[in-house]
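Below is one structure; the comments refer to it alone.
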Amino acid sequence: MGCVCLLLCALLESSRCSRMGALAGPVVVDRKVSAILGKNVTLKCLVMVKETVTQISWEKQEHGTTDTVAVFHPIYGISFQGNYPGRAAFTNPSLKDATILITKVGFSDSGNYICKVVTFPLGNYQETSTVTVIVEPTITVGGGPEPLVDGANETVAAVCTAANGKPEAVVFWETDLIGEQEETKISAPNETVTVVNEFKIIPSRFVRKRPITCIVMHPPLNTTTRIPYVLDVQYAPEVTVMGYDGNWFVGRQNVQLKCKADANPSPSAYIWSRLEGQLPEDLQIENDTLTFNRPLNHNDSGIYMCEVVNIHGHRKKQKVVQIRDPPTTTPLSTTVPPIYSTADITSLPAYTWRLPIAPSTLESVKSDNLGTIIGGVVGGTLFLMLVVIVIVMFYLRRRRTFRGDYYTKQYAGTTDIQKDSQMDVLQSNQNEPYTDYEKSERKLDSNNIFQDYPIEVQKSEWRNEDNINNRYTEGVEIPIDYYEDRKIPNVSPYVHDDYYDENEDDLVSHLDGSIISRREWYV
């Protein structure tokens with residue numbers, strides 16, 4: 001392992017020393033030079049020796065032979081040999097700089113070039129430059145051999161060619177369309193290569209005018225070329241008839257029908273016709289336009305047809321035209337209506353004057369008042385809802401504050417009812433005060449209790465004991481004073497529980513169907 005490491009170190013050091021010698025040796029050149037066909041190329045050679053330089057020359061090695069290209073002698077001057085006279089020259093002729101320029105580079109200029117320096121007394125020094133001739137490809141972009149036609153099978157849409165490149169170029173298409181790329185390479189004897197890339201798609205009228213881009217890359221020159229191309233698809237016409245707005249009426253003038261056609265290539269003919277008969281002779285036809293030069297009449301109603309033709313076919317489109325009656329308008333009256341005297345007429349029927357208003361004006365007035373009418377309806381509805389809510393709240397509040405008798409439904413405070421009833425009894429029976437409950441029971445026959453009711457009711461209905469105990473007779477309203485007289489005089493308005501018999505039924509039916517205790521009558 002140690003021997004391998006030492007060997008690697010020795011090789012690296014040797015390589016480093018070799019590079020340092022080439023860079024800092026007596027002769028400095030560019031080891032590899034790329035020359036573009038037809039352009040100029042410079043071959044550098046710098047002399048860095050301390051000895052006496054007697055001559056500098058360039059030689060070319062090709063097919064095992066060596067030919068002199070250029071010579072610089074400090075006494076005899078400069079000379080060029082072979083096919084280089086007139087194409088080569090020293091850029092700065094001296095014993096320190098032997099750089100030459102070769103113009104109009106051709107394929108024959110490829111090879112190894114040796115810069116040789118002759119010194120005295122140590123001899124010769126030399127270095128070699130390898131020249132490679134690079135050919136820039138010729139780039140062309142175009143359509144396929146056949147035009148693209150809508151509805152056809154897969155067709156070559158575009159072709160990108162990088163011709164006669166050395167070395168070969170990289171060619172491809174950049175696009176978002178669905179298609180297939182097919183590449184072909186053709187080599188030539190001069191070592192150039194032609195690259196052809198075809199882009200194939202299924203033609204459709206919808207991809208017309210869509211751009212695609214051909215990209216050509218030539219690595220030796222470190223260049224990238226982008227060439228855009230717009231697809232062209234041919235198709236039969238797509239026809240639309242325009243101009244009829246549905247408001248053609250008798251007497252209307254200056255109307256026309258226009259035939260719009262989307263076609264590629266452009267339409268070669270427009271043919272106008274009428275489905276149910278011949279076109280009127282007084283109509284003007286000018287390519288895609290049919291003009292009515294006179295006022296319309298009812299005979300102009302019908303089905304008009306436009307046919308468009310190009311190399312890929314013909315298409316038709318029809319338009320139904322209905323001529324309406326002329327619009328009627330009522331002019332405003334300029335006569336002031338007469339004024340009649342009504343002094344001798346006692347009564348007149350109601351009559352509303354109406355001004356003659358044109359329909360168009362009336363429609364505008366209606367549309368202007370529509371918002372006001374809607375606002376009034378909404379406001380009235382909200383006002384009625386508010387009134388209903390106030391009435392319901394008032395009714396509920398009154399029910400909660402009712403404190404009258406359960407059966408008479410009269411609103412009166414408990415204390416006031418007792419006072420009024422006792423005053424009526426005292427006023428009607430001043431001479432015979434009640435001393436106990438039994439005596440007050442015997443006084444039920446007195447007319448003072450039933451003073452406001454008929455005699456029949458007093459004798460028949462109210463003397464029934466069941467009615468008296470239950471305090472309710474169907475169909476007859478019992479007076480309040482009647483119940484007030486049955487109370488025990490000169491006692492508290494709240495009767496003690498000992499007053500009621502334990503065996504007596506304490507529950508009494510109520511007007512609304514409920515049952516209530518007797519004690520609640522006096523509470």
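In the structure tokens, each chain is lettered A, B, ... as it comes, each chain's residues begin at 1, and ligands are numbered from 1 in order of appearance.
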Residues at most 12 Å from A:Val71, counting only C-alpha atoms, excluding those fewer than 2 positions away in the same chain, as an NGL selection string? :A and (54-59 or 67-69 or 73-81 or 84-85 or 88-90 or 93-95 or 98-100 or 114-118)
Just write the chosen residues, N, CA and C atoms, as a tab-separated table (two decimals), in the first residue's frame.
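Final output, saved to result-v1.tsv:
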```
chain	number	residue	atom	x	y	z
A	54	THR	N	18.59	32.36	-33.73
A	54	THR	CA	19.04	32.63	-35.09
A	54	THR	C	17.89	32.55	-36.10
A	55	GLN	N	16.79	31.77	-35.77
A	55	GLN	CA	15.67	31.64	-36.72
A	55	GLN	C	14.45	31.08	-36.01
A	56	ILE	N	13.24	31.52	-36.51
A	56	ILE	CA	11.95	30.99	-36.00
A	56	ILE	C	11.14	30.53	-37.21
A	57	SER	N	10.47	29.36	-37.06
A	57	SER	CA	9.68	28.84	-38.18
A	57	SER	C	8.46	28.05	-37.67
A	58	TRP	N	7.44	27.92	-38.60
A	58	TRP	CA	6.24	27.08	-38.35
A	58	TRP	C	6.23	25.97	-39.39
A	59	GLU	N	5.99	24.74	-38.88
A	59	GLU	CA	5.90	23.58	-39.75
A	59	GLU	C	4.61	22.82	-39.46
A	67	ASP	N	5.71	19.85	-43.58
A	67	ASP	CA	5.83	20.92	-44.57
A	67	ASP	C	6.03	22.23	-43.86
A	68	THR	N	6.90	23.08	-44.44
A	68	THR	CA	7.15	24.40	-43.86
A	68	THR	C	6.01	25.32	-44.23
A	69	VAL	N	5.56	26.09	-43.21
A	69	VAL	CA	4.45	27.03	-43.41
A	69	VAL	C	4.99	28.45	-43.48
A	73	HIS	N	13.60	35.05	-40.35
A	73	HIS	CA	15.04	35.10	-40.15
A	73	HIS	C	15.42	36.55	-39.94
A	74	PRO	N	16.23	36.82	-38.91
A	74	PRO	CA	16.54	38.23	-38.62
A	74	PRO	C	17.30	38.91	-39.75
A	75	ILE	N	17.99	38.11	-40.63
A	75	ILE	CA	18.76	38.72	-41.73
A	75	ILE	C	18.00	38.59	-43.05
A	76	TYR	N	17.43	37.40	-43.31
A	76	TYR	CA	16.81	37.14	-44.61
A	76	TYR	C	15.29	37.47	-44.64
A	77	GLY	N	14.76	37.74	-43.52
A	77	GLY	CA	13.37	38.19	-43.49
A	77	GLY	C	12.35	37.08	-43.33
A	78	ILE	N	11.12	37.30	-43.89
A	78	ILE	CA	9.94	36.42	-43.71
A	78	ILE	C	9.61	35.76	-45.03
A	79	SER	N	9.18	34.47	-44.92
A	79	SER	CA	8.74	33.74	-46.12
A	79	SER	C	7.62	32.76	-45.73
A	80	PHE	N	6.68	32.52	-46.68
A	80	PHE	CA	5.57	31.55	-46.49
A	80	PHE	C	5.60	30.59	-47.67
A	81	GLN	N	5.24	29.34	-47.38
A	81	GLN	CA	5.33	28.29	-48.40
A	81	GLN	C	4.00	27.53	-48.46
A	84	TYR	N	-0.11	28.77	-48.14
A	84	TYR	CA	-0.31	29.82	-47.13
A	84	TYR	C	0.11	31.21	-47.60
A	85	PRO	N	0.89	31.37	-48.66
A	85	PRO	CA	1.19	32.74	-49.08
A	85	PRO	C	-0.10	33.50	-49.36
A	88	ALA	N	-1.43	33.78	-44.64
A	88	ALA	CA	-0.78	33.75	-43.33
A	88	ALA	C	0.13	34.95	-43.18
A	89	ALA	N	0.34	35.39	-41.90
A	89	ALA	CA	1.21	36.55	-41.62
A	89	ALA	C	1.59	36.51	-40.16
A	90	PHE	N	2.83	37.03	-39.86
A	90	PHE	CA	3.28	37.17	-38.48
A	90	PHE	C	2.60	38.41	-37.89
A	93	PRO	N	6.29	40.26	-35.85
A	93	PRO	CA	7.52	39.53	-36.17
A	93	PRO	C	8.72	40.03	-35.38
A	94	SER	N	9.34	39.12	-34.63
A	94	SER	CA	10.56	39.41	-33.86
A	94	SER	C	11.13	38.09	-33.40
A	95	LEU	N	12.31	38.14	-32.79
A	95	LEU	CA	12.91	36.91	-32.27
A	95	LEU	C	12.31	36.47	-30.96
A	98	ALA	N	6.69	34.71	-32.35
A	98	ALA	CA	6.51	34.08	-33.66
A	98	ALA	C	5.04	33.78	-33.95
A	99	THR	N	4.10	34.53	-33.33
A	99	THR	CA	2.66	34.30	-33.51
A	99	THR	C	2.26	34.64	-34.94
A	100	ILE	N	1.40	33.73	-35.56
A	100	ILE	CA	0.95	33.96	-36.93
A	100	ILE	C	-0.59	33.93	-36.98
A	114	ILE	N	3.91	23.03	-35.63
A	114	ILE	CA	5.07	23.04	-34.74
A	114	ILE	C	5.77	24.39	-34.85
A	115	CYS	N	5.93	25.04	-33.67
A	115	CYS	CA	6.70	26.28	-33.62
A	115	CYS	C	8.15	25.89	-33.21
A	116	LYS	N	9.09	26.14	-34.10
A	116	LYS	CA	10.49	25.71	-33.88
A	116	LYS	C	11.37	26.94	-33.75
A	117	VAL	N	12.24	26.96	-32.70
A	117	VAL	CA	13.15	28.07	-32.42
A	117	VAL	C	14.61	27.52	-32.48
A	118	VAL	N	15.41	28.14	-33.35
A	118	VAL	CA	16.83	27.70	-33.50
A	118	VAL	C	17.70	28.68	-32.73
```
Give me the residues of stretch 29-115 of chain A that have any atom at most 9 Å from an atom of stretch 132-138 of chain A; for each, the nearest atom pair and the distance in Å, rounded to one decimal. Use only C-alpha atoms, sort by chain and number, and format it as a tab-separated table.
```
residue	atom	partner	partner_atom	distance
A:Lys32	CA	A:Thr132	CA	7.8
A:Val33	CA	A:Thr132	CA	6.3
A:Ser34	CA	A:Thr132	CA	5.0
A:Ala35	CA	A:Val133	CA	4.6
A:Ile36	CA	A:Ile134	CA	4.7
A:Leu37	CA	A:Val135	CA	5.2
A:Gly38	CA	A:Val135	CA	8.5
A:Val105	CA	A:Val133	CA	7.6
A:Gly106	CA	A:Val133	CA	7.3
A:Phe107	CA	A:Val133	CA	6.2
A:Ser108	CA	A:Val133	CA	8.6
A:Asp109	CA	A:Val133	CA	7.1
A:Ser110	CA	A:Thr132	CA	5.2
A:Gly111	CA	A:Thr132	CA	6.8
A:Asn112	CA	A:Thr132	CA	8.9
```
Please produce a file of the residues just selected, as a PDB file, in the first residue's frame, where the atoms kept are C-alpha atoms.
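Saved as part-v5.pdb:
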```
ATOM      1  CA  LYS A  32      -5.343  22.982 -28.754  1.00  0.00           C
ATOM      2  CA  VAL A  33      -6.845  25.538 -31.094  1.00  0.00           C
ATOM      3  CA  SER A  34     -10.355  25.536 -32.598  1.00  0.00           C
ATOM      4  CA  ALA A  35     -10.685  27.209 -35.974  1.00  0.00           C
ATOM      5  CA  ILE A  36     -14.104  28.023 -37.477  1.00  0.00           C
ATOM      6  CA  LEU A  37     -14.481  27.210 -41.127  1.00  0.00           C
ATOM      7  CA  GLY A  38     -14.181  30.363 -43.230  1.00  0.00           C
ATOM      8  CA  VAL A 105      -9.672  28.704 -42.655  1.00  0.00           C
ATOM      9  CA  GLY A 106     -10.539  25.602 -44.689  1.00  0.00           C
ATOM     10  CA  PHE A 107     -10.832  21.922 -43.939  1.00  0.00           C
ATOM     11  CA  SER A 108      -7.206  21.452 -45.115  1.00  0.00           C
ATOM     12  CA  ASP A 109      -5.980  23.672 -42.323  1.00  0.00           C
ATOM     13  CA  SER A 110      -6.655  20.991 -39.720  1.00  0.00           C
ATOM     14  CA  GLY A 111      -3.567  19.308 -38.251  1.00  0.00           C
ATOM     15  CA  ASN A 112      -0.541  19.716 -35.958  1.00  0.00           C
TER      16      ASN A 112
END
```
For the atom pair atom CA of A:Ala169 and atom CA of A:Met217, what is the interatomic distance in Å to one decimal place? 5.8 Å
I need the residues in stretch 17-214 of chain A that are strand (DSSP E or B) according to DSSP; give them as a VMD selection string. chain A and resid 27 to 29 32 to 36 41 to 43 45 to 47 52 to 62 65 to 73 77 to 80 88 to 90 97 100 to 102 111 to 120 123 to 135 138 to 143 148 to 149 155 to 166 170 to 174 180 to 187 193 to 201 211 to 214
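Going from atom CA of A:Tyr395 over to atom CA of A:Val377, you cover 27.5 Å.
Using only C-alpha atoms, the smallest distance between any of A:Thr291, A:Asn197, A:Thr161, A:Thr119 and A:Val141 comes from A:Thr161.
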Report the distance between atom CA of A:Val47 and atom CA of A:His63 in Å, rounded to one decimal place.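 Atom CA of A:Val47 sits 27.8 Å away from atom CA of A:His63.
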Give me, as a ChimeraX atom specification, all polymer residues having an atom no more than 9 Å from A:Thr225, counting only C-alpha atoms and skipping those fewer than 5 positions away in the same chain. /A:139,214-218
Writer output for current selection, N, CA and C atoms, as a PDB file, in the first residue's frame:
```pdb
ATOM      1  N   ILE A 139     -28.627  26.627 -40.106  1.00  0.00           N
ATOM      2  CA  ILE A 139     -29.916  26.305 -39.473  1.00  0.00           C
ATOM      3  C   ILE A 139     -31.047  26.824 -40.350  1.00  0.00           C
ATOM      4  N   CYS A 214     -37.638  25.896 -32.447  1.00  0.00           N
ATOM      5  CA  CYS A 214     -36.544  24.976 -32.729  1.00  0.00           C
ATOM      6  C   CYS A 214     -35.292  25.459 -31.992  1.00  0.00           C
ATOM      7  N   ILE A 215     -34.652  24.560 -31.260  1.00  0.00           N
ATOM      8  CA  ILE A 215     -33.452  24.895 -30.487  1.00  0.00           C
ATOM      9  C   ILE A 215     -32.282  24.088 -31.048  1.00  0.00           C
ATOM     10  N   VAL A 216     -31.207  24.817 -31.416  1.00  0.00           N
ATOM     11  CA  VAL A 216     -29.997  24.192 -31.964  1.00  0.00           C
ATOM     12  C   VAL A 216     -28.826  24.553 -31.058  1.00  0.00           C
ATOM     13  N   MET A 217     -28.151  23.524 -30.545  1.00  0.00           N
ATOM     14  CA  MET A 217     -27.005  23.718 -29.663  1.00  0.00           C
ATOM     15  C   MET A 217     -25.766  23.110 -30.341  1.00  0.00           C
ATOM     16  N   HIS A 218     -24.656  23.907 -30.301  1.00  0.00           N
ATOM     17  CA  HIS A 218     -23.391  23.438 -30.870  1.00  0.00           C
ATOM     18  C   HIS A 218     -22.342  23.497 -29.751  1.00  0.00           C
TER      19      HIS A 218
END
```
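By only C-alpha atoms, and with residues fewer than 4 positions from A:Arg208 along its chain excluded, the set lying at most 6 Å from it is Leu231, Asp232 and Val233 of chain A.
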Restricting it to N, CA and C atoms, dump the selection as an mmCIF file, in the first residue's frame.
```cif
data_model
loop_
_atom_site.group_PDB
_atom_site.id
_atom_site.type_symbol
_atom_site.label_atom_id
_atom_site.label_comp_id
_atom_site.auth_asym_id
_atom_site.auth_seq_id
_atom_site.Cartn_x
_atom_site.Cartn_y
_atom_site.Cartn_z
ATOM 1 N N LEU A 231 -47.339 27.528 -36.634
ATOM 2 C CA LEU A 231 -47.998 26.493 -37.426
ATOM 3 C C LEU A 231 -49.101 27.099 -38.298
ATOM 4 N N ASP A 232 -49.288 26.506 -39.451
ATOM 5 C CA ASP A 232 -50.325 26.948 -40.379
ATOM 6 C C ASP A 232 -51.169 25.735 -40.766
ATOM 7 N N VAL A 233 -52.456 25.773 -40.389
ATOM 8 C CA VAL A 233 -53.373 24.667 -40.671
ATOM 9 C C VAL A 233 -54.468 25.186 -41.596
#
```
Among the residues of stretch 149-305 of chain A, find those DSSP assigns to helix (DSSP H, G or I) from the backbone and print them as number ranges by chain. A: 205-207, 219-221, 298-300
Convert the current residue selection to file output with C-alpha atoms, as a PDB file, in the first residue's frame.
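File written: part_3.pdb
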```pdb
ATOM      1  CA  ARG A 205     -57.868  24.094 -37.068  1.00  0.00           C
ATOM      2  CA  PHE A 206     -57.520  24.957 -33.375  1.00  0.00           C
ATOM      3  CA  VAL A 207     -53.688  24.740 -33.458  1.00  0.00           C
ATOM      4  CA  PRO A 219     -21.234  22.401 -27.901  1.00  0.00           C
ATOM      5  CA  PRO A 220     -17.778  23.196 -29.410  1.00  0.00           C
ATOM      6  CA  LEU A 221     -18.813  26.786 -29.932  1.00  0.00           C
ATOM      7  CA  HIS A 298     -93.385  42.363 -45.989  1.00  0.00           C
ATOM      8  CA  ASN A 299     -92.177  40.523 -49.094  1.00  0.00           C
ATOM      9  CA  ASP A 300     -88.626  40.748 -47.794  1.00  0.00           C
TER      10      ASP A 300
END
```
